[in-house]
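Next up, work.txt (compact mmCIF, C-alpha atoms and all ligand atoms):
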# COMPACT_ATOMS: atom_id res chain seq x y z
CA MET A 1 9.87 27.16 -25.21
CA LYS A 2 10.77 23.59 -24.21
CA LYS A 3 8.65 20.80 -25.67
CA LEU A 4 8.20 17.86 -23.29
CA GLN A 5 7.16 14.66 -24.97
CA ILE A 6 5.42 12.41 -22.48
CA PRO A 7 4.18 8.95 -23.51
CA PHE A 8 0.99 7.76 -21.84
CA ILE A 9 -0.88 4.45 -21.68
CA GLN A 10 -4.59 4.95 -21.20
CA GLY A 11 -5.14 1.69 -19.36
CA ASP A 12 -8.07 -0.72 -19.23
CA GLY A 13 -11.34 -0.54 -17.30
CA VAL A 14 -11.49 2.68 -15.30
CA GLY A 15 -8.20 3.65 -17.00
CA GLN A 16 -10.12 5.29 -19.81
CA GLU A 17 -11.94 7.59 -17.39
CA ILE A 18 -9.15 8.51 -14.99
CA THR A 19 -6.41 8.97 -17.60
CA GLN A 20 -8.34 11.52 -19.64
CA VAL A 21 -9.21 13.54 -16.53
CA THR A 22 -5.58 13.44 -15.37
CA LEU A 23 -4.01 14.44 -18.68
CA ASN A 24 -6.40 17.40 -18.97
CA LEU A 25 -5.48 18.60 -15.49
CA VAL A 26 -1.74 18.26 -16.13
CA GLN A 27 -2.07 20.18 -19.38
CA GLU A 28 -4.01 22.93 -17.63
CA VAL A 29 -1.76 23.29 -14.59
CA VAL A 30 1.45 23.32 -16.64
CA HIS A 31 -0.04 25.93 -18.93
CA LYS A 32 -1.02 28.03 -15.93
CA TYR A 33 2.36 27.99 -14.16
CA TYR A 34 4.88 27.45 -16.95
CA SER A 35 3.19 28.67 -20.15
CA ASP A 36 6.26 30.61 -21.26
CA GLN A 37 8.71 27.75 -20.55
CA VAL A 38 7.20 24.35 -21.21
CA GLU A 39 4.70 22.76 -23.53
CA ILE A 40 3.60 19.14 -23.09
CA GLU A 41 3.11 16.88 -26.07
CA TRP A 42 1.35 13.62 -25.16
CA ILE A 43 2.23 10.47 -27.08
CA GLU A 44 -0.34 7.69 -26.76
CA LEU A 45 1.11 4.19 -26.49
CA LEU A 46 -0.90 1.01 -26.74
CA ALA A 47 -0.90 -1.65 -24.04
CA GLY A 48 -3.50 -3.96 -22.54
CA GLU A 49 -6.92 -4.63 -24.02
CA LYS A 50 -6.89 -1.62 -26.35
CA ALA A 51 -3.56 -2.80 -27.76
CA PHE A 52 -4.88 -6.33 -28.18
CA ARG A 53 -7.94 -5.07 -30.04
CA GLU A 54 -5.87 -2.91 -32.38
CA THR A 55 -2.71 -4.97 -32.86
CA GLY A 56 -3.36 -8.51 -31.57
CA GLU A 57 -0.69 -8.04 -28.87
CA TYR A 58 -1.07 -6.94 -25.26
CA LEU A 59 2.30 -5.22 -25.11
CA PRO A 60 3.43 -4.23 -28.62
CA GLU A 61 7.17 -3.87 -29.27
CA LYS A 62 6.62 -0.24 -30.36
CA THR A 63 5.29 0.60 -26.90
CA LEU A 64 8.37 -0.82 -25.20
CA ALA A 65 10.73 0.83 -27.69
CA THR A 66 9.10 4.25 -27.24
CA LEU A 67 9.16 3.95 -23.46
CA LYS A 68 12.86 3.09 -23.59
CA ASN A 69 13.47 6.34 -25.49
CA HIS A 70 11.60 8.61 -23.10
CA PRO A 71 12.74 9.21 -19.54
CA VAL A 72 9.27 9.89 -18.16
CA ALA A 73 5.88 8.32 -18.91
CA ILE A 74 2.53 7.78 -17.22
CA LYS A 75 0.07 4.90 -17.31
CA GLY A 76 -3.40 3.85 -16.22
CA PRO A 77 -4.07 0.36 -14.82
CA LEU A 78 -3.82 -2.67 -17.09
CA THR A 79 -5.80 -5.90 -16.97
CA THR A 80 -3.87 -9.09 -16.47
CA PRO A 81 -5.62 -11.45 -18.92
CA VAL A 82 -6.91 -14.49 -17.06
CA GLY A 83 -5.49 -17.84 -18.11
CA GLU A 84 -2.29 -19.79 -18.00
CA GLY A 85 0.79 -18.33 -19.63
CA PHE A 86 -0.16 -14.66 -19.19
CA ARG A 87 2.26 -12.59 -17.18
CA SER A 88 1.07 -9.38 -15.61
CA LEU A 89 1.72 -6.53 -18.06
CA ASN A 90 2.74 -4.33 -15.16
CA VAL A 91 5.34 -6.80 -13.97
CA GLN A 92 6.52 -7.20 -17.57
CA LEU A 93 6.92 -3.43 -18.00
CA ARG A 94 8.84 -3.10 -14.75
CA GLN A 95 11.17 -5.94 -15.65
CA GLU A 96 11.69 -5.05 -19.34
CA LEU A 97 12.51 -1.45 -18.45
CA ASP A 98 14.44 -2.48 -15.34
CA LEU A 99 12.40 -0.08 -13.21
CA TYR A 100 13.76 -1.53 -10.01
CA THR A 101 12.11 0.81 -7.52
CA CYS A 102 8.41 1.04 -6.93
CA TYR A 103 8.17 4.32 -5.03
CA ARG A 104 4.96 5.03 -3.17
CA PRO A 105 4.55 8.04 -0.94
CA VAL A 106 1.71 7.65 1.53
CA ARG A 107 0.43 10.65 3.40
CA TYR A 108 -2.86 11.98 4.64
CA PHE A 109 -4.91 14.50 2.69
CA CYS A 110 -7.19 16.66 4.79
CA GLY A 111 -10.85 15.60 4.60
CA VAL A 112 -10.27 12.06 3.36
CA PRO A 113 -12.15 9.51 5.48
CA SER A 114 -9.81 7.06 7.21
CA PRO A 115 -10.33 3.91 9.30
CA VAL A 116 -7.57 4.90 11.77
CA LYS A 117 -7.72 7.44 14.58
CA PHE A 118 -4.75 9.57 13.60
CA PRO A 119 -4.21 9.27 9.84
CA GLU A 120 -2.20 12.49 9.86
CA GLN A 121 0.57 10.52 11.61
CA VAL A 122 1.11 8.54 8.41
CA ASP A 123 3.88 10.04 6.29
CA LEU A 124 5.72 7.24 4.55
CA HIS A 125 7.94 6.84 1.53
CA ILE A 126 7.81 3.20 0.49
CA PHE A 127 10.66 1.86 -1.68
CA ARG A 128 9.56 -1.56 -2.86
CA GLU A 129 11.99 -3.69 -4.86
CA ASN A 130 10.29 -4.14 -8.20
CA THR A 131 12.11 -6.74 -10.27
CA GLU A 132 12.98 -9.74 -8.08
CA ASP A 133 11.45 -11.98 -5.43
CA ILE A 134 8.55 -14.27 -6.33
CA TYR A 135 7.59 -11.75 -9.03
CA ALA A 136 10.37 -13.22 -11.17
CA GLY A 137 7.67 -15.68 -12.23
CA ILE A 138 9.73 -18.86 -11.65
CA GLU A 139 7.03 -21.36 -10.75
CA PHE A 140 6.40 -24.99 -11.56
CA MET A 141 2.87 -26.34 -11.43
CA GLN A 142 2.42 -29.69 -9.65
CA ARG A 143 2.76 -32.82 -11.79
CA THR A 144 4.40 -31.08 -14.77
CA GLU A 145 7.66 -32.24 -16.33
CA ASP A 146 9.57 -29.19 -15.11
CA ASN A 147 8.17 -29.63 -11.63
CA GLU A 148 9.35 -33.24 -11.61
CA LYS A 149 12.86 -32.19 -12.73
CA MET A 150 13.03 -29.50 -10.10
CA LYS A 151 11.78 -31.85 -7.41
CA LYS A 152 14.28 -34.52 -8.36
CA PHE A 153 17.08 -31.96 -8.11
CA LEU A 154 15.88 -30.74 -4.73
CA LEU A 155 15.22 -34.14 -3.21
CA GLN A 156 18.01 -36.21 -4.71
CA GLU A 157 20.88 -33.75 -5.24
CA LEU A 158 20.31 -31.23 -2.48
CA LYS A 159 18.78 -33.77 -0.09
CA ILE A 160 16.02 -31.37 0.83
CA THR A 161 13.69 -32.80 3.46
CA GLY A 162 11.27 -29.94 3.97
CA ILE A 163 8.77 -30.73 1.19
CA LEU A 164 5.95 -32.34 3.09
CA PHE A 165 3.81 -33.57 0.17
CA PRO A 166 6.21 -33.97 -2.79
CA GLU A 167 3.64 -35.73 -5.01
CA THR A 168 1.28 -32.79 -5.07
CA SER A 169 3.54 -29.80 -4.44
CA SER A 170 3.80 -26.89 -6.84
CA LEU A 171 7.15 -25.14 -6.53
CA GLY A 172 8.37 -21.55 -6.78
CA VAL A 173 11.75 -19.82 -6.68
CA LYS A 174 12.43 -16.55 -4.88
CA PRO A 175 15.54 -14.85 -6.25
CA ILE A 176 16.87 -11.96 -4.14
CA SER A 177 20.26 -10.69 -5.27
CA GLU A 178 22.93 -8.55 -3.63
CA GLU A 179 22.93 -6.09 -6.59
CA GLY A 180 19.13 -5.88 -6.68
CA SER A 181 18.84 -5.36 -2.93
CA LYS A 182 21.69 -2.88 -2.69
CA ARG A 183 20.51 -0.64 -5.52
CA LEU A 184 17.06 -0.46 -3.96
CA VAL A 185 18.34 0.36 -0.48
CA ARG A 186 20.81 2.84 -1.96
CA ALA A 187 17.91 4.68 -3.65
CA ALA A 188 16.00 4.74 -0.35
CA ILE A 189 18.95 6.08 1.66
CA GLN A 190 19.76 8.70 -0.96
CA PHE A 191 16.13 9.79 -0.96
CA ALA A 192 16.13 10.12 2.84
CA LEU A 193 19.30 12.21 2.69
CA ASP A 194 18.02 14.44 -0.14
CA LYS A 195 14.69 15.07 1.59
CA LYS A 196 16.27 15.32 5.08
CA LEU A 197 14.11 12.50 6.45
CA PRO A 198 14.95 10.88 9.80
CA SER A 199 15.15 7.15 9.11
CA VAL A 200 15.20 4.24 6.67
CA THR A 201 13.56 1.02 7.87
CA LEU A 202 14.50 -2.24 6.16
CA VAL A 203 11.41 -4.45 6.27
CA HIS A 204 11.99 -8.17 5.74
CA LYS A 205 11.02 -11.66 6.81
CA GLY A 206 14.58 -12.74 7.53
CA ASN A 207 13.69 -14.70 10.64
CA ILE A 208 12.18 -17.37 8.35
CA MET A 209 13.79 -16.81 4.91
CA LYS A 210 17.33 -16.20 6.09
CA PHE A 211 19.20 -16.26 2.78
CA THR A 212 16.72 -14.20 0.76
CA GLU A 213 14.83 -11.82 3.06
CA GLY A 214 17.54 -11.98 5.73
CA ALA A 215 20.22 -11.32 3.12
CA PHE A 216 18.22 -8.31 1.85
CA CYS A 217 18.44 -6.84 5.36
CA LYS A 218 22.14 -7.65 5.73
CA TRP A 219 22.99 -6.11 2.34
CA GLY A 220 20.91 -3.05 3.25
CA TYR A 221 23.01 -2.41 6.35
CA GLU A 222 26.14 -2.97 4.27
CA VAL A 223 25.17 -0.25 1.78
CA ALA A 224 24.64 2.17 4.65
CA LYS A 225 27.97 1.28 6.25
CA GLU A 226 30.09 1.07 3.11
CA GLU A 227 28.66 3.99 1.12
CA TYR A 228 27.06 6.37 3.63
CA SER A 229 29.06 5.86 6.81
CA ASP A 230 29.28 9.60 7.61
CA GLN A 231 25.62 10.28 6.91
CA THR A 232 23.86 7.29 8.47
CA ILE A 233 23.89 5.41 11.76
CA ALA A 234 22.43 2.01 12.61
CA LEU A 235 19.83 2.20 15.39
CA SER A 236 21.77 -0.45 17.28
CA ALA A 237 24.89 1.76 17.27
CA ILE A 238 23.19 4.68 19.02
CA THR A 239 24.38 4.93 22.61
CA GLY A 240 23.43 8.50 23.54
CA PRO A 241 21.16 11.41 22.57
CA GLY A 242 23.65 13.16 20.26
CA ASP A 243 24.75 10.12 18.24
CA ALA A 244 22.13 10.39 15.49
CA LYS A 245 22.35 14.17 15.09
CA GLY A 246 22.26 15.08 11.39
CA LYS A 247 22.27 11.43 10.38
CA VAL A 248 19.70 9.11 8.87
CA ILE A 249 18.95 6.24 11.26
CA ILE A 250 19.01 2.79 9.65
CA GLN A 251 16.80 0.24 11.39
CA ASP A 252 15.06 -2.98 10.42
CA CYS A 253 11.82 -4.70 11.28
CA ILE A 254 10.30 -8.11 10.60
CA ALA A 255 7.42 -7.71 8.13
CA ASP A 256 4.59 -9.02 10.32
CA ALA A 257 5.65 -6.90 13.30
CA PHE A 258 6.03 -3.95 10.94
CA LEU A 259 2.40 -4.18 9.78
CA GLN A 260 1.28 -4.17 13.39
CA ASN A 261 3.53 -1.27 14.33
CA LEU A 262 2.38 0.71 11.32
CA LEU A 263 -1.18 0.59 12.57
CA LEU A 264 -0.24 1.39 16.16
CA LYS A 265 2.65 3.86 15.80
CA PRO A 266 2.90 5.08 12.19
CA TYR A 267 4.90 8.13 13.29
CA GLN A 268 7.87 5.83 13.99
CA TYR A 269 8.45 5.31 10.29
CA SER A 270 9.53 7.48 7.39
CA VAL A 271 11.37 5.83 4.47
CA ILE A 272 10.75 2.10 4.06
CA ALA A 273 12.95 -0.18 1.94
CA THR A 274 11.57 -3.64 1.35
CA THR A 275 11.37 -6.65 -0.94
CA ASN A 276 8.78 -7.03 -3.68
CA LEU A 277 6.04 -9.08 -2.02
CA ASN A 278 6.30 -7.37 1.37
CA GLY A 279 6.13 -4.05 -0.45
CA ASP A 280 2.93 -5.08 -2.18
CA TYR A 281 1.15 -5.80 1.11
CA ILE A 282 2.61 -2.82 2.94
CA SER A 283 1.70 -0.34 0.19
CA ASP A 284 -1.95 -1.36 0.13
CA MET A 285 -2.33 -1.39 3.90
CA ALA A 286 -0.64 1.98 4.27
CA ALA A 287 -2.82 3.37 1.47
CA ALA A 288 -5.95 2.09 3.22
CA MET A 289 -4.92 3.99 6.37
CA VAL A 290 -5.16 7.29 4.51
CA GLY A 291 -8.14 6.72 2.25
CA GLY A 292 -7.64 3.64 0.10
CA ILE A 293 -6.01 2.68 -3.16
CA GLY A 294 -8.17 5.12 -5.11
CA MET A 295 -5.95 7.86 -3.64
CA ALA A 296 -2.49 6.23 -3.58
CA PRO A 297 0.08 7.46 -6.10
CA GLY A 298 3.08 5.50 -7.34
CA ALA A 299 6.01 5.44 -9.71
CA ASN A 300 8.36 2.80 -11.06
CA ILE A 301 11.84 4.28 -11.23
CA ASN A 302 15.34 3.30 -12.27
CA TYR A 303 17.49 5.76 -10.31
CA GLN A 304 20.54 4.91 -12.44
CA THR A 305 19.06 5.62 -15.90
CA ARG A 306 16.54 8.09 -14.36
CA MET A 307 13.70 6.48 -16.30
CA ALA A 308 10.37 6.75 -14.47
CA LEU A 309 6.92 5.36 -15.21
CA PHE A 310 4.22 7.01 -13.10
CA GLU A 311 1.03 5.03 -12.55
CA ALA A 312 -2.29 4.58 -10.83
CA THR A 313 -1.54 2.03 -8.13
CA HIS A 314 -4.96 0.40 -8.19
CA GLY A 315 -6.23 -2.04 -10.82
CA THR A 316 -8.78 -1.65 -13.61
CA ALA A 317 -11.73 -1.86 -11.19
CA PRO A 318 -13.98 -3.78 -13.62
CA ASP A 319 -16.87 -3.62 -11.13
CA ILE A 320 -17.23 0.15 -11.58
CA ALA A 321 -15.67 0.73 -15.02
CA GLY A 322 -17.62 2.92 -17.43
CA GLN A 323 -19.96 4.24 -14.73
CA GLY A 324 -18.21 7.49 -13.83
CA LYS A 325 -17.58 6.16 -10.32
CA ALA A 326 -13.77 5.87 -10.34
CA ASN A 327 -11.68 8.12 -8.15
CA PRO A 328 -8.96 9.60 -10.37
CA GLY A 329 -6.99 10.70 -7.26
CA SER A 330 -4.31 8.03 -7.53
CA LEU A 331 -3.37 8.92 -11.08
CA ILE A 332 -3.67 12.67 -10.43
CA LEU A 333 -1.31 12.42 -7.44
CA SER A 334 1.05 10.27 -9.53
CA ALA A 335 0.94 12.98 -12.19
CA ALA A 336 1.84 15.54 -9.49
CA MET A 337 4.86 13.37 -8.60
CA MET A 338 5.74 13.31 -12.29
CA LEU A 339 5.64 17.11 -12.40
CA ASP A 340 8.00 17.23 -9.41
CA TYR A 341 10.28 14.78 -11.18
CA LEU A 342 10.23 17.01 -14.28
CA ASN A 343 11.22 19.93 -12.07
CA LEU A 344 7.88 21.71 -12.38
CA PRO A 345 7.21 22.02 -8.63
CA LEU A 346 4.69 24.87 -8.79
CA ALA A 347 2.42 22.83 -11.03
CA ALA A 348 2.86 19.74 -8.83
CA GLU A 349 1.97 21.59 -5.65
CA ALA A 350 -0.99 23.35 -7.27
CA LEU A 351 -2.41 20.02 -8.41
CA ARG A 352 -2.08 18.46 -4.94
CA ASP A 353 -3.55 21.55 -3.25
CA ALA A 354 -6.52 21.67 -5.63
CA LEU A 355 -7.29 17.99 -5.03
CA GLU A 356 -7.12 18.48 -1.27
CA LYS A 357 -9.42 21.52 -1.45
CA VAL A 358 -12.09 19.65 -3.41
CA ILE A 359 -12.07 16.77 -0.91
CA SER A 360 -12.06 19.05 2.10
CA HIS A 361 -15.22 20.63 0.64
CA ARG A 362 -16.68 17.10 0.88
CA LYS A 363 -16.97 16.77 -2.88
CA VAL A 364 -15.92 13.21 -3.63
CA THR A 365 -16.30 10.16 -5.86
CA SER A 366 -18.31 7.10 -4.82
CA ASP A 367 -15.48 5.26 -3.02
CA LEU A 368 -15.12 8.08 -0.48
CA HIS A 369 -18.72 9.28 -0.53
CA ALA A 370 -19.98 6.34 1.53
CA PHE A 371 -17.72 7.44 4.42
CA ILE A 372 -18.31 11.21 4.34
CA PRO A 373 -21.44 12.46 6.08
CA TYR A 374 -23.28 15.04 3.95
CA GLY A 375 -20.73 14.68 1.19
CA GLU A 376 -21.53 15.61 -2.40
CA LEU A 377 -21.21 12.69 -4.82
CA LEU A 378 -19.33 13.57 -8.01
CA THR A 379 -18.63 11.61 -11.15
CA THR A 380 -15.02 11.05 -12.21
CA GLN A 381 -15.37 13.78 -14.82
CA LYS A 382 -17.00 16.29 -12.46
CA PHE A 383 -14.37 15.60 -9.79
CA GLY A 384 -11.73 16.54 -12.37
CA GLU A 385 -13.61 19.72 -13.28
CA GLU A 386 -13.80 20.73 -9.61
CA ILE A 387 -10.05 20.26 -9.27
CA ALA A 388 -9.48 22.34 -12.38
CA TYR A 389 -11.52 25.12 -10.77
CA TYR A 390 -9.09 25.34 -7.83
CA LEU A 391 -5.86 25.17 -9.85
P1 LIG B 401 -8.69 -3.27 -8.39
O1 LIG B 401 -7.69 -2.36 -7.78
O2 LIG B 401 -9.02 -3.05 -9.81
O3 LIG B 401 -10.08 -3.18 -7.55
C1 LIG B 401 -10.15 -3.48 -6.16
C2 LIG B 401 -11.31 -2.69 -5.54
O4 LIG B 401 -10.97 -1.31 -5.48
C3 LIG B 401 -12.59 -2.75 -6.38
O5 LIG B 401 -13.69 -2.78 -5.51
C4 LIG B 401 -12.59 -1.46 -7.16
O6 LIG B 401 -13.86 -0.98 -7.50
C5 LIG B 401 -11.88 -0.51 -6.18
N1 LIG B 401 -11.15 0.54 -6.90
C6 LIG B 401 -9.98 0.39 -7.57
N2 LIG B 401 -9.60 1.55 -8.13
C7 LIG B 401 -10.54 2.44 -7.79
C8 LIG B 401 -10.71 3.83 -8.06
N3 LIG B 401 -9.83 4.52 -8.79
N4 LIG B 401 -11.78 4.45 -7.56
C9 LIG B 401 -12.67 3.78 -6.82
N5 LIG B 401 -12.56 2.48 -6.50
C10 LIG B 401 -11.51 1.82 -7.00
O7 LIG B 401 -8.16 -4.76 -8.16
P2 LIG B 401 -8.67 -6.14 -8.81
O8 LIG B 401 -10.16 -6.11 -8.92
O9 LIG B 401 -8.00 -7.17 -8.00
O10 LIG B 401 -8.00 -6.18 -10.25
C11 LIG B 401 -8.70 -5.91 -11.46
C12 LIG B 401 -7.70 -5.99 -12.63
O11 LIG B 401 -6.69 -4.98 -12.47
C13 LIG B 401 -6.95 -7.33 -12.73
O12 LIG B 401 -6.85 -7.68 -14.09
C14 LIG B 401 -5.57 -7.02 -12.16
O13 LIG B 401 -4.57 -7.83 -12.69
C15 LIG B 401 -5.39 -5.57 -12.59
N6 LIG B 401 -4.45 -4.78 -11.75
C16 LIG B 401 -3.67 -3.90 -12.39
C17 LIG B 401 -2.81 -3.07 -11.65
C18 LIG B 401 -1.96 -2.07 -12.38
O14 LIG B 401 -2.16 -1.86 -13.56
N7 LIG B 401 -1.02 -1.40 -11.71
C19 LIG B 401 -2.77 -3.18 -10.25
C20 LIG B 401 -3.62 -4.11 -9.62
C21 LIG B 401 -4.47 -4.91 -10.39

Is it possible to express this structure as structure tokens?
Amino acid sequence: MKKLQIPFIQGDGVGQEITQVTLNLVQEVVHKYYSDQVEIEWIELLAGEKAFRETGEYLPEKTLATLKNHPVAIKGPLTTPVGEGFRSLNVQLRQELDLYTCYRPVRYFCGVPSPVKFPEQVDLHIFRENTEDIYAGIEFMQRTEDNEKMKKFLLQELKITGILFPETSSLGVKPISEEGSKRLVRAAIQFALDKKLPSVTLVHKGNIMKFTEGAFCKWGYEVAKEEYSDQTIALSAITGPGDAKGKVIIQDCIADAFLQNLLLKPYQYSVIATTNLNGDYISDMAAAMVGGIGMAPGANINYQTRMALFEATHGTAPDIAGQGKANPGSLILSAAMMLDYLNLPLAAEALRDALEKVISHRKVTSDLHAFIPYGELLTTQKFGEEIAYYL
């Protein structure tokens, strides 16, 4: 019998409710399908408000150290404390653990209410760069000493003329590196090849930010050409019907046009590789097309070390916390991804199927209930019990 130690962070707000439901389901489904092979041992790690209450720190060193020693972990949402000087704990975790890919699959589950006409046409695999871009946190508030130094350098040394109101401007830096871009695009192309998916679309805003977003796109094409020349083809290189046979098509799209296209022709897209901020917007819009962030799973992955942190993609939802209203779907589907990653595919599929069955029987939590005629409103806990019934 193999013992799998999996660290978990409960999370703040609705985290308490959804994490417990999810861990119970994972325990049950693994026991059902792999009882003679695998046993899960959960290790609770402190982060967020619970950690602050118990240790005086939001992200204790022990939590980071334990995560670094375990290849797979799962977490609920964490509050970003309001006030100057606080960095998002999620961003901190991604950067400290160098989890450079935020992977979000977005597909339709039968029965889920959607604002678009054909949600079943949405089947995306979003690879969002997770460690660079404006998330690097390099910002200088207006009228501070650092801001003045930065401004002096820009205006006097670099002779920059584009700052319209220098007296009152705050400033930010957007680092996008060749290594960071290439490792992300490499992961996306490899994924498309492994899963036999038709295309990888590089989404960027390179028409305006030529040396950051534009460079991301350029480096993306370079990875395809230099490392996967036999297995990929650029869309622009296709001249006839047979050219792309057996190959992954590499194409690119400007971010604003992409958002429009995604609403109008979602079937055109499969794997998406994009920068950090674009990926943030795209993930939430795509999730909304198939039922909202309460149902969107996600994972932060380093494909080189294989470390993966699975998470609920939504926040702590303080407006509904503690009321049994939260949809645990996002974390449950992330847990199913985790089971796939741990090579326990029967358990993963059973979990997804059970969730889909409960929703298709119109038994849902409050976020979906408002959109389902004659639906049955369930609490977070009861929703979990219904899923357990169908495992
Ligand atoms: P949020 O995602 O918490 O809430 C946005 C809206 O979605 C709210 O109306 C909420 O009720 C609803 N919602 C979210 N999750 C839901 C669920 N599971 N079921 C039903 N409805 C759900 O975003 P916010 O209000 O902007 O952020 C609240 C806190 O969460 C902030 O401190 C923010 O920093 C943090 N946050 C954390 C993460 C993370 O841990 N990955 C992500 C986003 C925001």

Excluding Thr275 in chain A and residues on its chain fewer than 3 positions from it, collect all residues at most 6 Å away from it, counting all atoms listed in the file, and give them as JSON, numbers by chain.
-> {"A": [128, 129, 278, 279]}

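For the point (-19.6, 5.2, -10.7) in file coordinates, the residues within 9 Å, using all atoms listed in the file, are Ile320, Ala321, Gly322, Gln323, Gly324, Lys325, Ala326, Asn327, Thr365, Ser366, Asp367, Leu378, Thr379 and Thr380 of chain A.
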
Pairwise distance for CA of Ser88 in chain A and atom C1 of ligand LIG 401 (chain B), rounded to one decimal in Å |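 CA of Ser88 in chain A sits 15.8 Å away from atom C1 of ligand LIG 401 (chain B).
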
Pick from A:Asp340, A:Glu167, A:Glu57, A:Asp123, whichever lies nearest to Arg104 in chain A using all atoms listed in the file | A:Asp123

For range 168-177 of chain A, please output as a PyMOL selection string all residues within 10 Å (counting only C-alpha atoms; exclusion window: fewer than 3 positions along the same chain).
-> chain A and resi 129+131-144+146-148+150-151+163-165+180-182+209+211-216+219+275-276

Residues within 7 Å of ligand LIG 401 (chain B) (only C-alpha atoms and all ligand atoms), as a PyMOL selection string?
-> chain A and resi 14+76-81+88+90+293-294+311-320+325-330+366-367

May I have the residues at most 10 Å from (-5.6, 11.6, -12.0) in the file's coordinates, counting all atoms listed in the file, as JSON, numbers by chain?
-> {"A": [15, 17, 18, 19, 20, 21, 22, 23, 24, 25, 26, 76, 294, 295, 297, 311, 312, 327, 328, 329, 330, 331, 332, 333, 334, 335, 336, 351, 355, 380, 383, 384]}

Include C-alpha atoms and write out the residues we just selected as an mmCIF file, in the coordinates of the input.
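Once everything was written out, this is result12.cif:
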data_model
loop_
_atom_site.group_PDB
_atom_site.id
_atom_site.type_symbol
_atom_site.label_atom_id
_atom_site.label_comp_id
_atom_site.auth_asym_id
_atom_site.auth_seq_id
_atom_site.Cartn_x
_atom_site.Cartn_y
_atom_site.Cartn_z
ATOM 1 C CA GLY A 15 -8.200 3.650 -17.000
ATOM 2 C CA GLU A 17 -11.940 7.590 -17.390
ATOM 3 C CA ILE A 18 -9.150 8.510 -14.990
ATOM 4 C CA THR A 19 -6.410 8.970 -17.600
ATOM 5 C CA GLN A 20 -8.340 11.520 -19.640
ATOM 6 C CA VAL A 21 -9.210 13.540 -16.530
ATOM 7 C CA THR A 22 -5.580 13.440 -15.370
ATOM 8 C CA LEU A 23 -4.010 14.440 -18.680
ATOM 9 C CA ASN A 24 -6.400 17.400 -18.970
ATOM 10 C CA LEU A 25 -5.480 18.600 -15.490
ATOM 11 C CA VAL A 26 -1.740 18.260 -16.130
ATOM 12 C CA GLY A 76 -3.400 3.850 -16.220
ATOM 13 C CA GLY A 294 -8.170 5.120 -5.110
ATOM 14 C CA MET A 295 -5.950 7.860 -3.640
ATOM 15 C CA PRO A 297 0.080 7.460 -6.100
ATOM 16 C CA GLU A 311 1.030 5.030 -12.550
ATOM 17 C CA ALA A 312 -2.290 4.580 -10.830
ATOM 18 C CA ASN A 327 -11.680 8.120 -8.150
ATOM 19 C CA PRO A 328 -8.960 9.600 -10.370
ATOM 20 C CA GLY A 329 -6.990 10.700 -7.260
ATOM 21 C CA SER A 330 -4.310 8.030 -7.530
ATOM 22 C CA LEU A 331 -3.370 8.920 -11.080
ATOM 23 C CA ILE A 332 -3.670 12.670 -10.430
ATOM 24 C CA LEU A 333 -1.310 12.420 -7.440
ATOM 25 C CA SER A 334 1.050 10.270 -9.530
ATOM 26 C CA ALA A 335 0.940 12.980 -12.190
ATOM 27 C CA ALA A 336 1.840 15.540 -9.490
ATOM 28 C CA LEU A 351 -2.410 20.020 -8.410
ATOM 29 C CA LEU A 355 -7.290 17.990 -5.030
ATOM 30 C CA THR A 380 -15.020 11.050 -12.210
ATOM 31 C CA PHE A 383 -14.370 15.600 -9.790
ATOM 32 C CA GLY A 384 -11.730 16.540 -12.370
#

Show me, as a PDB file with C-alpha atoms, keeping the file's coordinate frame, the residues that have an atom within 10 Å of His70 in chain A when counting all atoms listed in the file, minus same-chain residues fewer than 3 positions from it.
ATOM      1  CA  LEU A   4       8.200  17.860 -23.290  1.00  0.00           C
ATOM      2  CA  GLN A   5       7.160  14.660 -24.970  1.00  0.00           C
ATOM      3  CA  ILE A   6       5.420  12.410 -22.480  1.00  0.00           C
ATOM      4  CA  PRO A   7       4.180   8.950 -23.510  1.00  0.00           C
ATOM      5  CA  ALA A  65      10.730   0.830 -27.690  1.00  0.00           C
ATOM      6  CA  THR A  66       9.100   4.250 -27.240  1.00  0.00           C
ATOM      7  CA  LEU A  67       9.160   3.950 -23.460  1.00  0.00           C
ATOM      8  CA  ALA A  73       5.880   8.320 -18.910  1.00  0.00           C
ATOM      9  CA  MET A 307      13.700   6.480 -16.300  1.00  0.00           C
ATOM     10  CA  ALA A 308      10.370   6.750 -14.470  1.00  0.00           C
ATOM     11  CA  LEU A 309       6.920   5.360 -15.210  1.00  0.00           C
TER      12      LEU A 309
END

Separation of CA of Gly246 in chain A from CA of Asp230 in chain A in Å |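 Computing it gives 9.7 Å between the two atoms.
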
For Glu44 in chain A, which of A:Phe8, A:Leu344, A:Leu391, A:Asn69 is the closest residue, counting only C-alpha atoms?
->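 Between A:Phe8, A:Leu344, A:Leu391, A:Asn69, the residue approaching Glu44 in chain A most closely is A:Phe8.
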
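If you look at CA of Ala47 in chain A and CA of Tyr281 in chain A, they are 25.6 Å away from each other.
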
Compile the contact shell of Gln251 in chain A as a PDB file with C-alpha atoms, in the frame of the given file: residues with an atom at most 8 Å away, counting all atoms listed in the file, same-chain residues fewer than 3 positions apart removed.
ATOM      1  CA  SER A 199      15.150   7.150   9.110  1.00  0.00           C
ATOM      2  CA  VAL A 200      15.200   4.240   6.670  1.00  0.00           C
ATOM      3  CA  THR A 201      13.560   1.020   7.870  1.00  0.00           C
ATOM      4  CA  LEU A 202      14.500  -2.240   6.160  1.00  0.00           C
ATOM      5  CA  ALA A 234      22.430   2.010  12.610  1.00  0.00           C
ATOM      6  CA  LEU A 235      19.830   2.200  15.390  1.00  0.00           C
ATOM      7  CA  SER A 236      21.770  -0.450  17.280  1.00  0.00           C
TER       8      SER A 236
END
